[in-house]
$ cat protein.cif   # mmCIF, C-alpha atoms and all ligand atoms
data_target
loop_
_atom_site.label_atom_id
_atom_site.label_comp_id
_atom_site.auth_asym_id
_atom_site.auth_seq_id
_atom_site.Cartn_x
_atom_site.Cartn_y
_atom_site.Cartn_z
CA MET A 295 17.84 -15.97 -23.62
CA ASN A 296 18.74 -19.07 -25.66
CA PRO A 297 22.33 -19.84 -24.68
CA ASN A 298 23.19 -21.48 -28.00
CA SER A 299 21.66 -18.89 -30.22
CA ASP A 300 23.85 -17.71 -33.11
CA ARG A 301 21.48 -14.78 -33.31
CA LEU A 302 22.19 -13.80 -29.69
CA ARG A 303 25.89 -13.99 -30.38
CA ALA A 304 25.62 -11.84 -33.55
CA GLU A 305 23.58 -9.24 -31.68
CA PHE A 306 25.96 -9.20 -28.74
CA MET A 307 29.08 -8.89 -30.91
CA ASP A 308 27.42 -6.06 -32.81
CA ALA A 309 26.86 -4.33 -29.44
CA VAL A 310 30.53 -4.92 -28.56
CA TYR A 311 31.71 -3.39 -31.85
CA ARG A 312 29.44 -0.37 -31.38
CA ALA A 313 30.57 0.10 -27.75
CA ALA A 314 34.20 0.22 -28.89
CA ASP A 315 33.57 3.81 -30.03
CA ARG A 316 36.04 3.48 -32.89
CA ARG A 317 36.95 6.39 -35.13
CA ASP A 318 36.53 4.33 -38.28
CA VAL A 319 32.85 5.10 -38.97
CA ASP A 320 33.35 8.77 -39.94
CA TYR A 321 36.48 7.81 -41.84
CA TYR A 322 34.70 5.29 -44.07
CA VAL A 323 31.66 7.51 -44.54
CA ASP A 324 33.91 10.40 -45.65
CA ARG A 325 35.79 8.14 -48.04
CA ALA A 326 32.56 6.86 -49.58
CA ARG A 327 31.21 10.38 -50.00
CA SER A 328 34.37 11.60 -51.69
CA VAL A 329 34.42 9.05 -54.53
CA GLU A 330 32.38 8.87 -57.69
CA GLY A 331 30.05 5.92 -57.91
CA PRO A 332 28.61 3.46 -55.43
CA ALA A 333 30.33 1.87 -52.45
CA LEU A 334 30.59 -1.77 -51.35
CA GLU A 335 31.43 -2.94 -47.83
CA LEU A 336 32.99 -6.40 -47.57
CA GLY A 337 32.23 -8.01 -44.19
CA CYS A 338 29.50 -5.49 -43.31
CA GLY A 339 28.41 -7.51 -40.24
CA GLY A 340 25.48 -5.99 -38.34
CA GLY A 341 25.83 -2.71 -40.21
CA ARG A 342 27.77 -0.56 -37.75
CA ILE A 343 29.40 1.23 -40.70
CA TYR A 344 27.13 0.17 -43.54
CA LEU A 345 23.99 1.77 -42.09
CA GLU A 346 25.86 5.04 -41.56
CA LEU A 347 26.78 4.96 -45.25
CA LEU A 348 23.09 4.68 -46.13
CA GLU A 349 22.19 7.36 -43.59
CA ALA A 350 24.72 9.68 -45.27
CA GLY A 351 23.01 9.16 -48.62
CA VAL A 352 25.69 6.87 -50.08
CA ASP A 353 24.53 4.32 -52.65
CA ALA A 354 26.04 1.36 -50.82
CA ASP A 355 25.90 -2.43 -51.04
CA GLY A 356 27.25 -4.88 -48.48
CA ILE A 357 28.18 -8.52 -48.19
CA ASP A 358 28.94 -10.80 -45.26
CA ARG A 359 29.31 -14.54 -44.81
CA SER A 360 27.16 -14.52 -41.65
CA ALA A 361 23.42 -14.91 -42.21
CA GLU A 362 22.75 -13.90 -38.57
CA ALA A 363 24.72 -10.66 -38.90
CA LEU A 364 22.84 -9.78 -42.09
CA ALA A 365 19.47 -10.50 -40.44
CA LEU A 366 20.44 -8.15 -37.63
CA LEU A 367 21.54 -5.49 -40.11
CA ARG A 368 18.17 -5.71 -41.85
CA GLU A 369 16.36 -5.29 -38.54
CA HIS A 370 18.42 -2.23 -37.61
CA ALA A 371 17.74 -0.84 -41.10
CA ALA A 372 13.98 -1.38 -40.78
CA ASP A 373 13.99 0.39 -37.39
CA ARG A 374 15.67 3.37 -39.03
CA GLY A 375 13.61 3.38 -42.24
CA LEU A 376 16.63 2.50 -44.37
CA GLU A 377 16.64 0.13 -47.35
CA PRO A 378 19.76 -2.04 -47.35
CA THR A 379 21.10 -3.96 -50.34
CA VAL A 380 23.12 -6.68 -48.68
CA ARG A 381 23.68 -10.31 -49.44
CA ARG A 382 25.40 -13.34 -48.07
CA ALA A 383 28.66 -13.97 -49.89
CA ASP A 384 32.35 -14.67 -49.42
CA MET A 385 34.60 -11.68 -49.93
CA THR A 386 37.35 -13.80 -51.49
CA ASP A 387 35.10 -14.82 -54.35
CA TYR A 388 32.58 -12.12 -55.06
CA SER A 389 31.59 -10.35 -58.25
CA ALA A 390 28.81 -7.85 -58.87
CA ASP A 391 26.84 -6.50 -61.75
CA ARG A 392 28.05 -2.95 -61.18
CA ALA A 393 31.43 -1.28 -60.64
CA TYR A 394 32.22 0.58 -57.41
CA GLY A 395 34.06 3.80 -56.69
CA LEU A 396 34.92 2.50 -53.22
CA VAL A 397 35.25 -1.04 -51.92
CA CYS A 398 36.03 -1.20 -48.22
CA CYS A 399 36.76 -3.94 -45.69
CA PRO A 400 36.85 -2.39 -42.21
CA PHE A 401 37.74 -3.54 -38.71
CA ASN A 402 40.37 -6.26 -39.13
CA ALA A 403 38.14 -8.48 -41.28
CA VAL A 404 41.08 -9.11 -43.63
CA GLN A 405 42.86 -10.81 -40.71
CA GLU A 406 40.16 -13.49 -40.73
CA LEU A 407 41.65 -14.70 -44.03
CA THR A 408 44.44 -16.93 -42.81
CA THR A 409 45.98 -18.21 -46.04
CA ILE A 410 47.97 -16.37 -48.68
CA ASP A 411 45.64 -17.82 -51.34
CA SER A 412 42.56 -16.30 -49.66
CA GLN A 413 44.30 -12.96 -49.07
CA GLN A 414 45.39 -12.76 -52.72
CA ALA A 415 41.90 -13.79 -53.84
CA LEU A 416 40.43 -10.92 -51.81
CA LEU A 417 42.74 -8.37 -53.44
CA LYS A 418 41.91 -9.71 -56.91
CA SER A 419 38.15 -9.66 -56.18
CA ALA A 420 38.32 -6.12 -54.79
CA TYR A 421 40.26 -4.94 -57.83
CA ASP A 422 37.75 -6.48 -60.22
CA LEU A 423 34.84 -4.94 -58.30
CA LEU A 424 36.21 -1.41 -58.72
CA ALA A 425 35.61 1.00 -61.57
CA PRO A 426 38.80 2.48 -63.07
CA GLY A 427 39.95 5.19 -60.65
CA GLY A 428 38.29 3.42 -57.72
CA THR A 429 39.84 2.65 -54.33
CA PHE A 430 39.91 -0.39 -52.06
CA VAL A 431 40.34 0.60 -48.39
CA PHE A 432 40.87 -1.83 -45.53
CA ASP A 433 42.31 -1.68 -42.04
CA THR A 434 44.05 -4.14 -39.75
CA PHE A 435 45.63 -3.66 -36.35
CA VAL A 436 49.36 -3.09 -36.03
CA PRO A 437 50.66 -6.12 -34.11
CA ASP A 438 52.12 -4.56 -30.95
CA LEU A 439 54.39 -7.26 -29.57
CA GLU A 440 54.70 -5.64 -26.12
CA TYR A 441 50.92 -5.48 -25.76
CA ILE A 442 50.60 -9.05 -27.03
CA ALA A 443 53.23 -10.33 -24.59
CA GLU A 444 51.53 -8.54 -21.69
CA THR A 445 47.89 -9.41 -22.36
CA TRP A 446 47.56 -12.51 -24.54
CA GLY A 447 46.88 -15.72 -22.67
CA GLU A 448 44.95 -13.81 -19.99
CA TRP A 449 41.19 -13.28 -19.94
CA GLN A 450 40.27 -9.62 -20.48
CA ARG A 451 36.86 -8.53 -19.26
CA ARG A 452 34.56 -5.57 -19.72
CA THR A 453 30.91 -4.74 -19.18
CA ILE A 454 28.65 -4.20 -22.19
CA GLU A 455 25.14 -2.76 -22.03
CA PHE A 456 23.02 -5.38 -23.83
CA ARG A 457 19.23 -5.46 -24.14
CA GLY A 458 19.09 -2.94 -21.29
CA GLU A 459 21.24 -4.99 -18.91
CA PRO A 460 24.95 -5.08 -18.05
CA VAL A 461 26.58 -8.21 -19.49
CA GLU A 462 30.20 -9.28 -18.92
CA TYR A 463 32.23 -9.76 -22.10
CA HIS A 464 35.35 -11.93 -21.74
CA THR A 465 38.06 -12.36 -24.38
CA ARG A 466 41.33 -14.25 -24.45
CA SER A 467 43.68 -14.38 -27.43
CA ARG A 468 46.53 -16.82 -27.87
CA LEU A 469 48.97 -17.60 -30.61
CA VAL A 470 48.27 -21.08 -31.98
CA ASP A 471 51.02 -21.22 -34.59
CA SER A 472 54.17 -19.21 -34.09
CA VAL A 473 55.32 -19.97 -37.64
CA THR A 474 52.26 -18.63 -39.46
CA GLN A 475 51.41 -16.18 -36.64
CA GLU A 476 47.83 -17.39 -36.51
CA TYR A 477 45.96 -16.81 -33.29
CA VAL A 478 42.67 -17.75 -31.73
CA SER A 479 40.42 -15.35 -29.87
CA GLU A 480 38.07 -16.98 -27.38
CA LYS A 481 35.01 -14.92 -26.52
CA LYS A 482 32.20 -15.46 -24.06
CA ALA A 483 29.43 -13.45 -22.43
CA THR A 484 28.05 -13.95 -18.93
CA THR A 485 25.24 -12.35 -16.97
CA GLN A 486 25.92 -10.58 -13.66
CA ASP A 487 24.92 -13.88 -11.97
CA GLY A 488 27.63 -15.76 -13.86
CA GLU A 489 25.28 -17.54 -16.30
CA GLN A 490 27.06 -18.09 -19.64
CA LEU A 491 25.10 -16.75 -22.61
CA PHE A 492 27.40 -18.06 -25.34
CA SER A 493 31.01 -18.81 -26.11
CA PHE A 494 32.90 -19.19 -29.35
CA GLU A 495 36.34 -18.78 -30.79
CA GLY A 496 37.62 -17.34 -34.04
CA ARG A 497 40.89 -17.85 -35.85
CA ALA A 498 42.78 -14.97 -37.43
CA THR A 499 46.30 -13.98 -38.37
CA LEU A 500 48.66 -11.18 -37.46
CA LEU A 501 49.41 -9.03 -40.50
CA PRO A 502 52.46 -6.86 -39.96
CA TYR A 503 53.03 -3.98 -42.38
CA ARG A 504 55.72 -5.66 -44.43
CA GLU A 505 53.68 -8.83 -44.98
CA LEU A 506 50.82 -6.69 -46.22
CA GLU A 507 53.17 -4.73 -48.44
CA LEU A 508 54.37 -7.93 -50.11
CA LEU A 509 50.77 -9.04 -50.59
CA VAL A 510 49.79 -5.73 -52.11
CA ARG A 511 52.86 -5.73 -54.36
CA SER A 512 51.76 -9.11 -55.71
CA SER A 513 48.21 -7.83 -56.35
CA PRO A 514 46.80 -6.13 -59.47
CA PHE A 515 46.75 -2.73 -57.71
CA GLU A 516 49.09 -0.18 -59.22
CA SER A 517 49.54 2.28 -56.34
CA TRP A 518 48.65 2.64 -52.68
CA THR A 519 49.05 4.67 -49.50
CA VAL A 520 49.03 3.55 -45.87
CA ALA A 521 47.72 5.86 -43.15
CA GLY A 522 47.57 5.45 -39.38
CA ASP A 523 44.53 5.41 -37.13
CA TYR A 524 41.95 6.74 -39.64
CA THR A 525 43.82 10.03 -40.13
CA ASP A 526 45.68 11.49 -43.11
CA GLU A 527 49.00 10.81 -41.37
CA PRO A 528 51.28 8.24 -42.98
CA LEU A 529 51.48 5.11 -40.85
CA ASN A 530 54.23 5.31 -38.25
CA ASP A 531 55.41 3.69 -35.04
CA GLY A 532 52.77 4.51 -32.43
CA HIS A 533 49.69 4.06 -34.61
CA SER A 534 47.50 1.11 -33.70
CA ALA A 535 45.53 0.74 -36.96
CA GLN A 536 47.06 0.52 -40.43
CA VAL A 537 44.68 1.81 -43.07
CA TRP A 538 45.54 0.71 -46.59
CA ALA A 539 44.10 2.56 -49.62
CA LEU A 540 44.78 0.73 -52.90
CA GLU A 541 44.13 2.53 -56.17
CA ARG A 542 42.90 1.03 -59.41
CA THR A 543 44.25 3.45 -61.97
CA GLU A 544 42.13 5.16 -64.59
CA THR A 545 42.33 3.50 -67.97
C1 LIG A 601 35.04 -7.62 -37.13
S1 LIG A 601 33.55 -7.88 -38.04
C2 LIG A 601 33.31 -6.25 -38.73
C3 LIG A 601 31.88 -5.95 -39.09
C4 LIG A 601 31.64 -4.54 -39.65
N1 LIG A 601 32.41 -4.33 -40.88
C5 LIG A 601 32.04 -3.50 -38.62
O1 LIG A 601 33.05 -2.81 -38.86
O2 LIG A 601 31.37 -3.39 -37.60
C6 LIG A 601 34.14 -8.80 -39.45
C7 LIG A 601 33.04 -9.29 -40.36
O3 LIG A 601 33.63 -9.88 -41.50
C8 LIG A 601 32.86 -11.01 -41.85
N2 LIG A 601 33.72 -11.90 -42.66
C9 LIG A 601 34.87 -12.53 -42.27
N3 LIG A 601 35.36 -13.25 -43.28
C10 LIG A 601 34.52 -13.09 -44.33
C11 LIG A 601 34.50 -13.60 -45.66
N4 LIG A 601 35.45 -14.43 -46.11
N5 LIG A 601 33.50 -13.20 -46.47
C12 LIG A 601 32.53 -12.36 -46.01
N6 LIG A 601 32.49 -11.87 -44.77
C13 LIG A 601 33.47 -12.23 -43.93
C14 LIG A 601 32.42 -11.61 -40.53
O4 LIG A 601 31.26 -12.42 -40.68
C15 LIG A 601 32.14 -10.34 -39.72
O5 LIG A 601 30.80 -9.93 -39.82
#
$ encode --input "protein.cif" --output "structure tokens"
Amino acid sequence: MNPNSDRLRAEFMDAVYRAADRRDVDYYVDRARSVEGPALELGCGGGRIYLELLEAGVDADGIDRSAEALALLREHAADRGLEPTVRRADMTDYSADRAYGLVCCPFNAVQELTTIDSQQALLKSAYDLLAPGGTFVFDTFVPDLEYIAETWGEWQRRTIEFRGEPVEYHTRSRLVDSVTQEYVSEKKATTQDGEQLFSFEGRATLLPYRELELLVRSSPFESWTVAGDYTDEPLNDGHSAQVWALERTET
């Protein structure tokens, strides 16, 4: 394996996301099936959710800023006989030639936007991409300060099955700016013999509920609901994912 390969990294991270066994896939597929019109996934990555949308018969498009992730998605799609319509683009500045019933941005991707300008630009883009009556759904994790205090700064490690072999996945998150609450997550993968396959780090920001509420209030969206953990339950203390559904009203 080429240790510096972006492709290897994209494929491995896709395997990590799939191994997480999250409950979000069914949630987003159900949402897409229940709206009128096509769906668009912002930050579709290697297609963990996007390909299930296609498999479920949803007319879905996807965008991502990573060329490697999109190449991987296309390979997965070809293996499954699916025909993806995805392109490389930035979710904070994207427009399309059709209007969507659902725009979604799953799995904490919104947290990768670390400035208020980029977060507001995303909400404006999503609004403009929707048909009247359409919904923008995204999720972020609820910052659990006890968990953060206990685990951040320490390497966490788990074994991922990758290309038929067990590979060790190591992550360590640390706050890099306590004013803006930005953090860096370091990630690396090593073989059972200790050989490093790749390492990289990504910057993101904590987004507590009230900060998101202020952002949404300053957006063009007229109404919204917030559920916990991909259920119909309103978000409450104890949920680990906050799932925001923003409505563009009918005109
Ligand atoms: C955590 S991954 C989630 C991938 C996929 N949605 C899933 O749930 O498995 C976040 C994705 O968002 C993409 N992303 C982050 N910022 C972006 C931006 N500004 N524009 C487009 N894609 C972006 C990343 O490249 C990455 O593929």
$ residues_around --input "protein.cif" --residues "A:Gln405" --least-positions-apart "3" --cutoff "10 Å" --atoms "only C-alpha atoms" --output "list in words"
Phe401, Asn402, Thr408, Thr409, Gln413, Asp433, Thr434, Phe435, Glu476, Arg497, Ala498, Thr499, Leu500 and Leu501 of chain A
$ closest_residue --input "protein.cif" --among "A:Arg374, A:Arg359, A:Arg452, A:Arg312" --to "ligand LIG 601 (chain A)" --atoms "only C-alpha atoms and all ligand atoms"
A:Arg359
$ atom_distance --input "protein.cif" --atom1 "atom N3 of ligand LIG 601 (chain A)" --atom2 "atom CA of A:Arg381"
13.5 Å
$ axis_aligned_box --input "protein.cif" --around "stretch 389-408 of chain A" --padding-each-side "4 Å" --output "JSON"
{"center_x": 35.6, "center_y": -6.6, "center_z": -50.2, "size_x": 25.6, "size_y": 28.7, "size_z": 31.0}
$ residues_near_ligand --input "protein.cif" --ligand "ligand LIG 601 (chain A)" --cutoff "9 Å" --atoms "only C-alpha atoms and all ligand atoms" --output "ChimeraX atom specification"
/A:304,307-308,311-312,318-319,335-344,357-364,382-388,398-407,412,416
$ closest_residue --input "protein.cif" --among "A:Val310, A:Ile410, A:Ala333, A:Ala350" --to "A:Lys482" --atoms "only C-alpha atoms"
A:Val310
$ closest_residue --input "protein.cif" --among "A:Asp523, A:Glu455, A:Asp422, A:Glu444" --to "A:Ala313" --atoms "all atoms listed in the file"
A:Glu455
$ closest_residue --input "protein.cif" --among "A:Glu305, A:Tyr394, A:Thr484, A:Val470" --to "A:Ala425" --atoms "all atoms listed in the file"
A:Tyr394
$ atom_distance --input "protein.cif" --atom1 "atom CA of A:Gln450" --atom2 "atom CA of A:Arg466"
6.2 Å
$ atom_distance --input "protein.cif" --atom1 "atom CA of A:Pro378" --atom2 "atom CA of A:Tyr421"
23.2 Å
$ closest_residue --input "protein.cif" --among "A:Gly356, A:Arg301, A:Phe306, A:Gly395" --to "A:Glu459" --atoms "all atoms listed in the file"
A:Phe306
$ residues_around --input "protein.cif" --residues "A:Arg457" --least-positions-apart "3" --cutoff "12 Å" --atoms "all atoms listed in the file" --output "list in words"
Met295, Leu302, Glu305, Phe306, Asp308, Ala309, Ile454, Pro460, Val461 and Thr485 of chain A
$ closest_residue --input "protein.cif" --among "A:Gly375, A:Thr474, A:Gly458, A:Val431" --to "A:Glu505" --atoms "all atoms listed in the file"
A:Thr474
$ residues_around --input "protein.cif" --residues "A:Ser534" --least-positions-apart "5" --cutoff "12 Å" --atoms "all atoms listed in the file" --output "list of chain:residue names"
A:Arg316, A:Arg317, A:Phe401, A:Asn402, A:Asp433, A:Thr434, A:Phe435, A:Val436, A:Pro437, A:Asp438, A:Leu439, A:Tyr441, A:Pro502, A:Tyr503, A:Ala521, A:Gly522, A:Asp523, A:Tyr524, A:Thr525, A:Leu529
$ residues_around --input "protein.cif" --residues "A:Pro332" --least-positions-apart "5" --cutoff "9 Å" --atoms "only C-alpha atoms" --output "list in words"
Ala326, Val352, Asp353, Ala354, Asp355, Arg392, Ala393, Tyr394, Gly395, Leu396 and Val397 of chain A
$ decode --input "protein.cif" --residues "stretch 424-523 of chain A" --atoms "C-alpha atoms" --output "mmCIF file, in the first residue's frame"
data_model
loop_
_atom_site.group_PDB
_atom_site.id
_atom_site.type_symbol
_atom_site.label_atom_id
_atom_site.label_comp_id
_atom_site.auth_asym_id
_atom_site.auth_seq_id
_atom_site.Cartn_x
_atom_site.Cartn_y
_atom_site.Cartn_z
ATOM 1 C CA LEU A 424 -34.862 23.700 -2.138
ATOM 2 C CA ALA A 425 -38.229 23.821 -3.852
ATOM 3 C CA PRO A 426 -40.942 25.622 -1.840
ATOM 4 C CA GLY A 427 -42.077 23.160 0.843
ATOM 5 C CA GLY A 428 -38.687 21.425 0.835
ATOM 6 C CA THR A 429 -36.570 20.534 3.865
ATOM 7 C CA PHE A 430 -32.884 20.851 4.729
ATOM 8 C CA VAL A 431 -31.793 18.191 7.243
ATOM 9 C CA PHE A 432 -28.388 18.034 8.903
ATOM 10 C CA ASP A 433 -26.935 16.499 12.031
ATOM 11 C CA THR A 434 -24.069 17.359 14.357
ATOM 12 C CA PHE A 435 -22.961 15.765 17.599
ATOM 13 C CA VAL A 436 -24.068 17.205 20.928
ATOM 14 C CA PRO A 437 -20.849 18.392 22.605
ATOM 15 C CA ASP A 438 -20.726 16.275 25.777
ATOM 16 C CA LEU A 439 -18.282 18.125 28.001
ATOM 17 C CA GLU A 440 -17.786 15.181 30.399
ATOM 18 C CA TYR A 441 -16.901 12.871 27.519
ATOM 19 C CA ILE A 442 -14.618 15.526 26.026
ATOM 20 C CA ALA A 443 -12.837 16.088 29.352
ATOM 21 C CA GLU A 444 -12.344 12.344 29.816
ATOM 22 C CA THR A 445 -11.201 11.342 26.330
ATOM 23 C CA TRP A 446 -9.794 14.299 24.395
ATOM 24 C CA GLY A 447 -6.035 14.571 24.394
ATOM 25 C CA GLU A 448 -5.705 10.776 24.577
ATOM 26 C CA TRP A 449 -5.289 8.464 21.596
ATOM 27 C CA GLN A 450 -8.354 6.247 21.074
ATOM 28 C CA ARG A 451 -7.827 3.067 19.113
ATOM 29 C CA ARG A 452 -9.977 0.459 17.411
ATOM 30 C CA THR A 453 -9.560 -2.273 14.835
ATOM 31 C CA ILE A 454 -11.135 -1.868 11.399
ATOM 32 C CA GLU A 455 -11.450 -4.637 8.813
ATOM 33 C CA PHE A 456 -9.835 -3.127 5.700
ATOM 34 C CA ARG A 457 -9.111 -4.884 2.397
ATOM 35 C CA GLY A 458 -9.581 -8.190 4.227
ATOM 36 C CA GLU A 459 -7.100 -7.407 7.008
ATOM 37 C CA PRO A 460 -7.371 -5.944 10.516
ATOM 38 C CA VAL A 461 -5.971 -2.399 10.597
ATOM 39 C CA GLU A 462 -5.584 -0.246 13.722
ATOM 40 C CA TYR A 463 -7.360 3.113 13.562
ATOM 41 C CA HIS A 464 -6.081 5.758 16.007
ATOM 42 C CA THR A 465 -7.758 9.104 16.711
ATOM 43 C CA ARG A 466 -6.974 11.941 19.076
ATOM 44 C CA SER A 467 -9.002 15.143 19.342
ATOM 45 C CA ARG A 468 -7.879 18.305 21.078
ATOM 46 C CA LEU A 469 -9.270 21.774 21.455
ATOM 47 C CA VAL A 470 -7.036 24.242 19.607
ATOM 48 C CA ASP A 471 -8.935 27.423 20.410
ATOM 49 C CA SER A 472 -10.987 27.630 23.563
ATOM 50 C CA VAL A 473 -12.547 30.913 22.442
ATOM 51 C CA THR A 474 -13.952 29.702 19.121
ATOM 52 C CA GLN A 475 -14.229 26.077 20.344
ATOM 53 C CA GLU A 476 -12.389 24.789 17.293
ATOM 54 C CA TYR A 477 -10.710 21.435 17.622
ATOM 55 C CA VAL A 478 -8.375 19.246 15.641
ATOM 56 C CA SER A 479 -8.828 15.517 15.180
ATOM 57 C CA GLU A 480 -5.637 13.626 14.386
ATOM 58 C CA LYS A 481 -6.174 10.303 12.644
ATOM 59 C CA LYS A 482 -3.794 7.566 11.619
ATOM 60 C CA ALA A 483 -3.934 3.936 10.539
ATOM 61 C CA THR A 484 -1.324 1.272 11.266
ATOM 62 C CA THR A 485 -0.949 -2.363 10.279
ATOM 63 C CA GLN A 486 -0.738 -5.100 12.918
ATOM 64 C CA ASP A 487 3.077 -4.830 12.541
ATOM 65 C CA GLY A 488 2.984 -1.140 13.443
ATOM 66 C CA GLU A 489 3.617 0.174 9.912
ATOM 67 C CA GLN A 490 1.865 3.535 9.452
ATOM 68 C CA LEU A 491 -0.403 3.632 6.393
ATOM 69 C CA PHE A 492 -1.326 7.310 6.593
ATOM 70 C CA SER A 493 -1.928 10.129 9.013
ATOM 71 C CA PHE A 494 -3.786 13.395 8.727
ATOM 72 C CA GLU A 495 -5.650 15.890 10.818
ATOM 73 C CA GLY A 496 -8.857 17.812 10.287
ATOM 74 C CA ARG A 497 -10.140 20.967 11.895
ATOM 75 C CA ALA A 498 -13.750 21.340 13.005
ATOM 76 C CA THR A 499 -15.833 23.232 15.523
ATOM 77 C CA LEU A 500 -18.128 22.320 18.366
ATOM 78 C CA LEU A 501 -21.676 23.424 17.624
ATOM 79 C CA PRO A 502 -23.819 23.462 20.744
ATOM 80 C CA TYR A 503 -27.589 23.668 20.304
ATOM 81 C CA ARG A 504 -27.927 27.344 21.135
ATOM 82 C CA GLU A 505 -25.209 28.406 18.692
ATOM 83 C CA LEU A 506 -26.985 26.470 15.975
ATOM 84 C CA GLU A 507 -30.302 28.007 16.965
ATOM 85 C CA LEU A 508 -28.864 31.511 16.558
ATOM 86 C CA LEU A 509 -27.435 30.542 13.173
ATOM 87 C CA VAL A 510 -30.740 29.115 12.016
ATOM 88 C CA ARG A 511 -32.631 32.161 13.295
ATOM 89 C CA SER A 512 -30.376 34.352 11.149
ATOM 90 C CA SER A 513 -30.992 32.162 8.074
ATOM 91 C CA PRO A 514 -33.746 32.435 5.447
ATOM 92 C CA PHE A 515 -35.545 29.363 6.873
ATOM 93 C CA GLU A 516 -38.943 30.113 8.339
ATOM 94 C CA SER A 517 -39.476 27.129 10.664
ATOM 95 C CA TRP A 518 -37.585 24.141 12.005
ATOM 96 C CA THR A 519 -37.603 21.190 14.389
ATOM 97 C CA VAL A 520 -34.721 19.515 16.209
ATOM 98 C CA ALA A 521 -34.827 15.791 16.972
ATOM 99 C CA GLY A 522 -32.424 13.556 18.868
ATOM 100 C CA ASP A 523 -30.503 10.541 17.609
#
